[in-house]
Amino acid sequence: MASAQPMEQARADDLTSVFGGFSALSLKAQAIAVELAKISEENFGAGAKAAERFRNAKSMQDITALQTDLIKESIATLNEHYRKIAEIAASTPQEVARSCAEMFSAVTHAGGEIVNRASDATRQVSDQVADAAHRTAEAGRRGAEEMRRGAEPARHS
């Protein structure tokens, strides 16, 4: 039963790594959703401000200037949020790979532990068998010796 313990630990470690990977992915998806929500929130706020500016515009030149500024601000804001989203997305495969590497390391370690325990158990059994064989051979030698001694006096008479 003791040799099953490393494998059980490996399974627990595997599950921890897998769920940790899912957790990391979940956090990444949540961070991306937050960035998308910020884009919507900022666009709504910018739209309200733009409506106020357009209402106060006096000429077509003012409207054109406002549209140009609004487009520049929107592009700058979107670029910043998309950069953050790209950073989040780019780090995700690295975290998944790290989780997999940790899982394989745990399995490899548990496998090595199992091999070591099996080797120790085999060595103990081998030593016990060798000891039993040695005792059996010694008992056989003594028995043969006693039989020979018992037969010798009968031959001399």
# chains A, B, ... in the order shown; residues from 1 in each chain; ligands from 1
call {"tool": "residues_around", "arguments": {"residues": "range 41-47 of chain A", "least_positions_apart": "6", "cutoff": "12 Å", "atoms": "only C-alpha atoms", "output": "JSON list (two decimals) with C-alpha atoms, in the first residue's frame"}}
result
[["chain", "number", "residue", "atom", "x", "y", "z"],
["A", 34, "VAL", "CA", -12.49, 43.74, -17.86],
["A", 35, "GLU", "CA", -10.54, 45.45, -20.64],
["A", 53, "ARG", "CA", -19.03, 69.39, -27.69],
["A", 54, "PHE", "CA", -21.02, 69.01, -30.93],
["A", 66, "LEU", "CA", -14.25, 67.79, -33.08],
["A", 67, "GLN", "CA", -14.68, 64.72, -35.27],
["A", 69, "ASP", "CA", -10.15, 64.89, -32.19],
["A", 70, "LEU", "CA", -12.77, 62.28, -31.33],
["A", 71, "ILE", "CA", -11.33, 59.80, -33.83],
["A", 72, "LYS", "CA", -7.76, 60.39, -32.56],
["A", 73, "GLU", "CA", -8.85, 59.89, -28.93],
["A", 74, "SER", "CA", -10.85, 56.77, -29.80],
["A", 75, "ILE", "CA", -7.96, 55.23, -31.72],
["A", 76, "ALA", "CA", -5.49, 56.01, -28.89],
["A", 77, "THR", "CA", -7.84, 54.52, -26.30],
["A", 78, "LEU", "CA", -8.54, 51.41, -28.37],
["A", 80, "GLU", "CA", -4.03, 51.04, -25.35],
["A", 81, "HIS", "CA", -6.74, 48.52, -24.46]]
call {"tool": "atom_distance", "arguments": {"atom1": "CA of His109 in chain A", "atom2": "CA of Leu25 in chain A"}}
result
25.7 Å
call {"tool": "atom_distance", "arguments": {"atom1": "CA of Ala24 in chain A", "atom2": "CA of Ile88 in chain A"}}
result
10.9 Å
call {"tool": "atom_distance", "arguments": {"atom1": "CA of Ser23 in chain A", "atom2": "CA of Glu95 in chain A"}}
result
10.5 Å
call {"tool": "closest_residue", "arguments": {"among": "A:Ala130, A:Ala65, A:Ala139, A:Leu36", "to": "Ala50 in chain A", "atoms": "only C-alpha atoms"}}
result
A:Ala65
